[in-house]
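Q: I am attaching a structure below and will ask some questions about it afterwards.
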Amino acid sequence: MKFNHLFPFGRISQGSHIVIYGAGSIGRAYLQQVLMTDYCTVVCMSDRHADVYEDLAVPVITPDRIHEKAFDRVVLAVKSAETRKVFRSILVAQGVPEEKIVEWEEPNVSIH
């Protein structure tokens with residue numbers, strides 16, 4: 001199996017409860033890696049187009065509902081720095097502490 005985006009294992013404590021913000025290709029790759037390794041628990045994923053992602057292994061909610069969930073970290077699974085900045089602002093406005101937000105930052109990595 002090949003992944004173009006490596007989950008930030010080194011920045012998330014094993015056993016954590018996380019929300020993956022972004023259900024696109026990066027978010028789905030992160031979800032698959034976490035499910036395969038049982039490294040942590042994905043409480044849910046969040047995406048503006050949550051209704052499109054009904055077939056994923058975890059619930060997908062809209063960003064305005066993240067504050068309703070109990071989690072240790074929110075992982076921003078989005079490549080664009082500008083989009084991550086917007087997502088971070090949304091989360092902080094909802095009361096999510098900055099230290100709970102983990103951003104995607106590595107280049108594409110292939111794992112075989």
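Chain identifiers are assigned as A, B, and so on, following the order in which chains appear in the structure tokens; residues are numbered from 1 within each chain, and ligands are numbered from 1 in order of appearance.
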Fewer than 2 positions away in the same chain doesn't count, so skip those; otherwise give me all residues within 6 Å of stretch 21-32 of chain A, counting only C-alpha atoms, as a PyMOL selection string.
A: chain A and resi 7+34-35+45-47+75-77
Q: Give me every strand (DSSP E or B) residue in chain A, going by DSSP on the backbone, as an mmCIF file with C-alpha atoms, in the first residue's frame.
A:
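Result written to out_17.cif:
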```cif
data_model
loop_
_atom_site.group_PDB
_atom_site.id
_atom_site.type_symbol
_atom_site.label_atom_id
_atom_site.label_comp_id
_atom_site.auth_asym_id
_atom_site.auth_seq_id
_atom_site.Cartn_x
_atom_site.Cartn_y
_atom_site.Cartn_z
ATOM 1 C CA PHE A 3 0.545 6.690 0.940
ATOM 2 C CA HIS A 17 -8.641 11.139 20.479
ATOM 3 C CA ILE A 18 -8.437 13.266 17.353
ATOM 4 C CA VAL A 19 -10.535 15.076 14.785
ATOM 5 C CA ILE A 20 -9.194 15.124 11.241
ATOM 6 C CA TYR A 21 -10.148 18.460 9.658
ATOM 7 C CA THR A 41 -8.886 7.152 17.896
ATOM 8 C CA VAL A 42 -10.450 9.276 15.179
ATOM 9 C CA VAL A 43 -13.533 10.738 16.860
ATOM 10 C CA CYS A 44 -14.697 12.142 13.534
ATOM 11 C CA MET A 45 -13.584 13.985 10.456
ATOM 12 C CA SER A 46 -14.711 17.475 9.576
ATOM 13 C CA VAL A 60 -17.945 13.355 8.992
ATOM 14 C CA ILE A 61 -19.321 16.571 10.455
ATOM 15 C CA ARG A 73 -6.051 17.227 18.962
ATOM 16 C CA VAL A 74 -7.430 18.508 15.671
ATOM 17 C CA VAL A 75 -5.228 17.547 12.728
ATOM 18 C CA LEU A 76 -5.473 19.934 9.776
ATOM 19 C CA ILE A 101 -4.236 22.167 16.532
ATOM 20 C CA VAL A 102 -1.696 20.154 14.535
ATOM 21 C CA GLU A 103 -0.956 21.268 10.971
ATOM 22 C CA ILE A 111 5.548 4.486 2.049
#
```
Q: Let's see if you can do this: from backbone DSSP, list all helix (DSSP H, G or I) residues in chain A, as a VMD selection string.
A: chain A and resid 9 to 11 25 to 37 50 to 52 63 to 68 81 to 93 98 to 100
Q: For the selection just defined, write its residues with N, CA and C atoms to a file, as a short mmCIF file (atom, residue, chain, number, x, y, z; two decimals), in the first residue's frame.
A:
```cif
data_model
loop_
_atom_site.label_atom_id
_atom_site.label_comp_id
_atom_site.auth_asym_id
_atom_site.auth_seq_id
_atom_site.Cartn_x
_atom_site.Cartn_y
_atom_site.Cartn_z
N PHE A 9 2.54 11.14 13.08
CA PHE A 9 2.64 10.29 14.26
C PHE A 9 3.48 10.93 15.36
N GLY A 10 4.57 11.58 15.00
CA GLY A 10 5.47 12.18 15.99
C GLY A 10 4.89 13.39 16.71
N ARG A 11 3.78 13.90 16.25
CA ARG A 11 3.21 15.10 16.86
C ARG A 11 1.88 14.82 17.56
N SER A 25 -8.08 14.05 0.04
CA SER A 25 -7.11 12.96 -0.11
C SER A 25 -6.17 12.85 1.09
N ILE A 26 -5.73 13.97 1.64
CA ILE A 26 -4.82 13.93 2.79
C ILE A 26 -5.56 13.38 4.01
N GLY A 27 -6.73 13.89 4.28
CA GLY A 27 -7.51 13.43 5.42
C GLY A 27 -7.85 11.95 5.34
N ARG A 28 -8.21 11.48 4.16
CA ARG A 28 -8.54 10.06 4.00
C ARG A 28 -7.30 9.19 4.15
N ALA A 29 -6.14 9.68 3.68
CA ALA A 29 -4.88 8.94 3.87
C ALA A 29 -4.55 8.86 5.36
N TYR A 30 -4.72 9.97 6.07
CA TYR A 30 -4.48 9.97 7.52
C TYR A 30 -5.40 8.97 8.22
N LEU A 31 -6.68 9.00 7.87
CA LEU A 31 -7.64 8.10 8.48
C LEU A 31 -7.24 6.65 8.25
N GLN A 32 -6.88 6.32 7.04
CA GLN A 32 -6.51 4.94 6.72
C GLN A 32 -5.29 4.50 7.53
N GLN A 33 -4.30 5.37 7.65
CA GLN A 33 -3.09 5.02 8.41
C GLN A 33 -3.41 4.81 9.89
N VAL A 34 -4.24 5.66 10.45
CA VAL A 34 -4.61 5.53 11.86
C VAL A 34 -5.41 4.25 12.08
N LEU A 35 -6.33 3.95 11.19
CA LEU A 35 -7.13 2.73 11.33
C LEU A 35 -6.26 1.48 11.18
N MET A 36 -5.30 1.52 10.27
CA MET A 36 -4.41 0.37 10.06
C MET A 36 -3.51 0.12 11.26
N THR A 37 -3.06 1.18 11.90
CA THR A 37 -2.09 1.05 13.00
C THR A 37 -2.74 1.04 14.37
N ALA A 50 -19.50 17.80 4.31
CA ALA A 50 -19.63 16.57 5.09
C ALA A 50 -20.59 15.57 4.44
N ASP A 51 -21.65 16.07 3.83
CA ASP A 51 -22.65 15.17 3.24
C ASP A 51 -22.11 14.34 2.08
N VAL A 52 -21.00 14.75 1.49
CA VAL A 52 -20.40 14.02 0.37
C VAL A 52 -19.65 12.77 0.86
N PRO A 63 -17.57 21.77 10.02
CA PRO A 63 -16.65 22.42 10.96
C PRO A 63 -17.33 23.13 12.14
N ASP A 64 -18.53 23.64 11.94
CA ASP A 64 -19.20 24.35 13.02
C ASP A 64 -19.64 23.43 14.16
N ARG A 65 -19.47 22.11 13.99
CA ARG A 65 -19.86 21.16 15.03
C ARG A 65 -18.67 20.57 15.78
N ILE A 66 -17.45 20.94 15.40
CA ILE A 66 -16.26 20.37 16.05
C ILE A 66 -16.29 20.60 17.56
N HIS A 67 -16.72 21.78 17.97
CA HIS A 67 -16.71 22.10 19.41
C HIS A 67 -17.64 21.19 20.22
N GLU A 68 -18.52 20.45 19.56
CA GLU A 68 -19.43 19.53 20.25
C GLU A 68 -18.73 18.22 20.63
N ALA A 81 -1.32 26.28 2.66
CA ALA A 81 -1.04 27.06 3.87
C ALA A 81 -2.14 28.09 4.13
N GLU A 82 -2.66 28.68 3.07
CA GLU A 82 -3.72 29.68 3.22
C GLU A 82 -4.99 29.04 3.77
N THR A 83 -5.34 27.87 3.27
CA THR A 83 -6.53 27.17 3.76
C THR A 83 -6.33 26.74 5.22
N ARG A 84 -5.14 26.26 5.57
CA ARG A 84 -4.86 25.90 6.97
C ARG A 84 -5.03 27.10 7.88
N LYS A 85 -4.61 28.26 7.42
CA LYS A 85 -4.74 29.49 8.20
C LYS A 85 -6.22 29.79 8.46
N VAL A 86 -7.06 29.63 7.44
CA VAL A 86 -8.50 29.85 7.58
C VAL A 86 -9.09 28.84 8.56
N PHE A 87 -8.73 27.56 8.40
CA PHE A 87 -9.25 26.51 9.29
C PHE A 87 -8.83 26.77 10.74
N ARG A 88 -7.57 27.16 10.93
CA ARG A 88 -7.08 27.46 12.28
C ARG A 88 -7.90 28.59 12.89
N SER A 89 -8.18 29.63 12.12
CA SER A 89 -8.99 30.76 12.61
C SER A 89 -10.38 30.32 13.01
N ILE A 90 -10.98 29.44 12.21
CA ILE A 90 -12.32 28.93 12.52
C ILE A 90 -12.29 28.17 13.84
N LEU A 91 -11.29 27.31 14.00
CA LEU A 91 -11.18 26.52 15.23
C LEU A 91 -10.97 27.39 16.46
N VAL A 92 -10.07 28.35 16.35
CA VAL A 92 -9.79 29.24 17.48
C VAL A 92 -11.04 30.05 17.82
N ALA A 93 -11.78 30.51 16.82
CA ALA A 93 -13.02 31.25 17.06
C ALA A 93 -14.05 30.39 17.79
N GLU A 98 -5.06 26.81 20.64
CA GLU A 98 -4.03 26.70 19.60
C GLU A 98 -3.18 25.44 19.77
N GLU A 99 -2.85 25.08 21.01
CA GLU A 99 -1.97 23.94 21.24
C GLU A 99 -2.62 22.59 20.89
N LYS A 100 -3.92 22.59 20.66
CA LYS A 100 -4.61 21.36 20.25
C LYS A 100 -4.66 21.20 18.74
#
```
Q: One decimal, Å: what's the distance from atom CA of A:Tyr39 over to atom CA of A:Gln14, could you say?
A: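 Distance between the two atoms: 5.4 Å.
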Q: Just to confirm, what's the straight-line distance from atom CA of A:Ser16 to atom CA of A:Lys69 in Å (one decimal)?
A: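 Between atom CA of A:Ser16 and atom CA of A:Lys69 the gap works out to 13.4 Å.
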Q: What is the distance, in Å and to one decimal place, between atom CA of A:Tyr53 and atom CA of A:Val96?
A: 23.7 Å
